Amino acid sequence: MIRIDNIHVMNFGNAIRGARNPMNSWARMDSYYDDEGNFVLGDNDLSLASRLAKAGSDHRKFLRQVIVSLDILAPLYWWKEFDTYKVGTVANSCSTMHKIQAKEFTRADFSCEKMSNGALAVLDSVISFMEAERLAFIETKDKAHWHNMIQLLPTSYNQLRTVTLNYEVLINIYKARRYHKLDEWKLLCAEIEKLPYAKELILLREIDDE
């Protein structure tokens, strides 16, 4: 499973102004903020941005200045793949080191929607053992119980992270992951498609195919 919340896109205005620096073409800027405070790319700016985006990473440096912040709740097995994207990303996560003992372990803490009945039975057994270790650690403060929780924690355990990245990173994610076998990637790519000007600036292969 994956849950994506609190999506914010920032710095479009500064990015497009910087995109005009090489040709000193600031006079052609026609973007503005609408009545609701949303940034709107004008026809001139959108045309330039789209051309630069399709021209390749050397030409679309301005997209590295379009910042996206979002909260993602996803299993550890997915986060291991996401951590491939190190350049241009920052993430603050809920800490298993400090807070693993803070709440009861339940099946809802794990991505297990596609497990067979047999696998669920194994997971339930692990959850039961880890909950017993959690309670024992709270009572005794014996770190042996804490180590049992940390080292036995399944990769299906869901972790929340607040992530900051940019449109260039999203181009790479979308290109590489939109047909991935994990549904979490497909759902993230579906959210990417909804971002402002995603069609013109992120979904570049689809534009080229039109």
# chains A, B, ... in the order shown; residues from 1 in each chain; ligands from 1

call {"tool": "residues_around", "arguments": {"residues": "A:Thr89", "least_positions_apart": "3", "cutoff": "12 Å", "atoms": "only C-alpha atoms", "output": "list in words"}}
result
Arg64, Gln65, Ile67, Val68, Ser69, Leu70, Phe82, Asp83, Thr84, Tyr85, Lys86, Asn92, Arg161, Thr162, Val163, Thr164, Leu165, Asn166, Tyr167, Glu168, Val169, Leu170 and Ile173 of chain A

call {"tool": "select_by_dssp", "arguments": {"residues": "chain A", "states": "helix (DSSP H, G or I)", "output": "ChimeraX atom specification"}}
result
/A:12-19,21-23,26-28,43-54,61-65,76-82,96-99,107-109,117-140,143-152,167-177,183-192,198-201,204-209

call {"tool": "closest_residue", "arguments": {"among": "A:Leu48, A:Ile171, A:Leu160, A:Leu201", "to": "A:Ser25", "atoms": "only C-alpha atoms"}}
result
A:Leu48

call {"tool": "closest_atom_pairs", "arguments": {"of": "stretch 14-110 of chain A", "to": "stretch 122-141 of chain A", "cutoff": "7 Å", "atoms": "only C-alpha atoms", "output": "tab-separated table"}}
result
residue	atom	partner	partner_atom	distance
A:Gln101	CA	A:Arg134	CA	5.5
A:Glu104	CA	A:Glu131	CA	6.4
A:Phe105	CA	A:Glu131	CA	5.6
A:Thr106	CA	A:Ile127	CA	6.6

call {"tool": "write_last_selection", "arguments": {"atoms": "N, CA and C atoms", "output": "PDB file, in the first residue's frame"}}
result
ATOM      1  N   GLN A 101       8.656   1.237  19.836  1.00  0.00           N
ATOM      2  CA  GLN A 101       7.910   0.718  20.982  1.00  0.00           C
ATOM      3  C   GLN A 101       6.723   1.607  21.366  1.00  0.00           C
ATOM      4  N   GLU A 104       1.095  -0.045  19.764  1.00  0.00           N
ATOM      5  CA  GLU A 104       0.815  -1.461  19.579  1.00  0.00           C
ATOM      6  C   GLU A 104       1.054  -1.877  18.131  1.00  0.00           C
ATOM      7  N   PHE A 105       1.640  -3.045  17.942  1.00  0.00           N
ATOM      8  CA  PHE A 105       1.762  -3.617  16.607  1.00  0.00           C
ATOM      9  C   PHE A 105       0.440  -4.267  16.208  1.00  0.00           C
ATOM     10  N   THR A 106      -0.082  -3.895  15.039  1.00  0.00           N
ATOM     11  CA  THR A 106      -1.275  -4.533  14.495  1.00  0.00           C
ATOM     12  C   THR A 106      -1.048  -4.798  13.012  1.00  0.00           C
TER      13      THR A 106
END

call {"tool": "residues_around", "arguments": {"residues": "A:Cys94", "least_positions_apart": "2", "cutoff": "12 Å", "atoms": "only C-alpha atoms", "output": "JSON, numbers by chain"}}
result
{"A": [71, 72, 73, 74, 76, 91, 92, 96, 97, 98, 99, 100, 102, 157, 158, 159, 160, 161, 162, 163]}

call {"tool": "write_last_selection", "arguments": {"atoms": "C-alpha atoms", "output": "short mmCIF file (atom, residue, chain, number, x, y, z; two decimals), in the first residue's frame"}}
result
data_model
loop_
_atom_site.label_atom_id
_atom_site.label_comp_id
_atom_site.auth_asym_id
_atom_site.auth_seq_id
_atom_site.Cartn_x
_atom_site.Cartn_y
_atom_site.Cartn_z
CA ASP A 71 4.08 12.97 2.79
CA ILE A 72 4.37 9.30 1.80
CA LEU A 73 3.32 6.34 3.92
CA ALA A 74 4.74 3.18 2.34
CA LEU A 76 10.03 -0.49 3.93
CA ALA A 91 13.37 12.89 3.44
CA ASN A 92 12.54 13.00 7.14
CA THR A 96 11.87 3.00 14.13
CA MET A 97 15.02 3.43 16.24
CA HIS A 98 13.36 5.82 18.68
CA LYS A 99 9.65 5.08 18.42
CA ILE A 100 9.22 1.42 17.48
CA ALA A 102 5.52 3.71 21.03
CA TYR A 157 6.13 -2.44 7.83
CA ASN A 158 4.77 0.97 6.76
CA GLN A 159 6.87 4.05 7.41
CA LEU A 160 5.89 7.71 7.01
CA ARG A 161 8.35 10.11 5.42
CA THR A 162 8.06 13.76 4.44
CA VAL A 163 9.89 13.99 1.12
#

call {"tool": "select_by_dssp", "arguments": {"residues": "stretch 29-147 of chain A", "states": "strand (DSSP E or B)", "output": "VMD selection string"}}
result
chain A and resid 32 to 33 39 to 40 67 to 75 90 to 93 110

call {"tool": "closest_residue", "arguments": {"among": "A:Arg17, A:His180, A:Ile192, A:Met1", "to": "A:Ser156", "atoms": "only C-alpha atoms"}}
result
A:Met1

call {"tool": "residues_around", "arguments": {"residues": "A:Lys61", "least_positions_apart": "6", "cutoff": "9 Å", "atoms": "only C-alpha atoms", "output": "list in words"}}
result
Ala15, Ala19, Leu52, Ala53 and Glu168 of chain A

call {"tool": "atom_distance", "arguments": {"atom1": "atom CA of A:Pro154", "atom2": "atom CA of A:Lys175"}}
result
29.0 Å

call {"tool": "atom_distance", "arguments": {"atom1": "atom CA of A:Asp43", "atom2": "atom CA of A:Arg28"}}
result
9.8 Å

call {"tool": "closest_residue", "arguments": {"among": "A:Ser57, A:Thr155, A:Ser116, A:Ser93", "to": "A:Pro75", "atoms": "only C-alpha atoms"}}
result
A:Thr155

call {"tool": "atom_distance", "arguments": {"atom1": "atom CA of A:Ile7", "atom2": "atom CA of A:Lys54"}}
result
24.6 Å
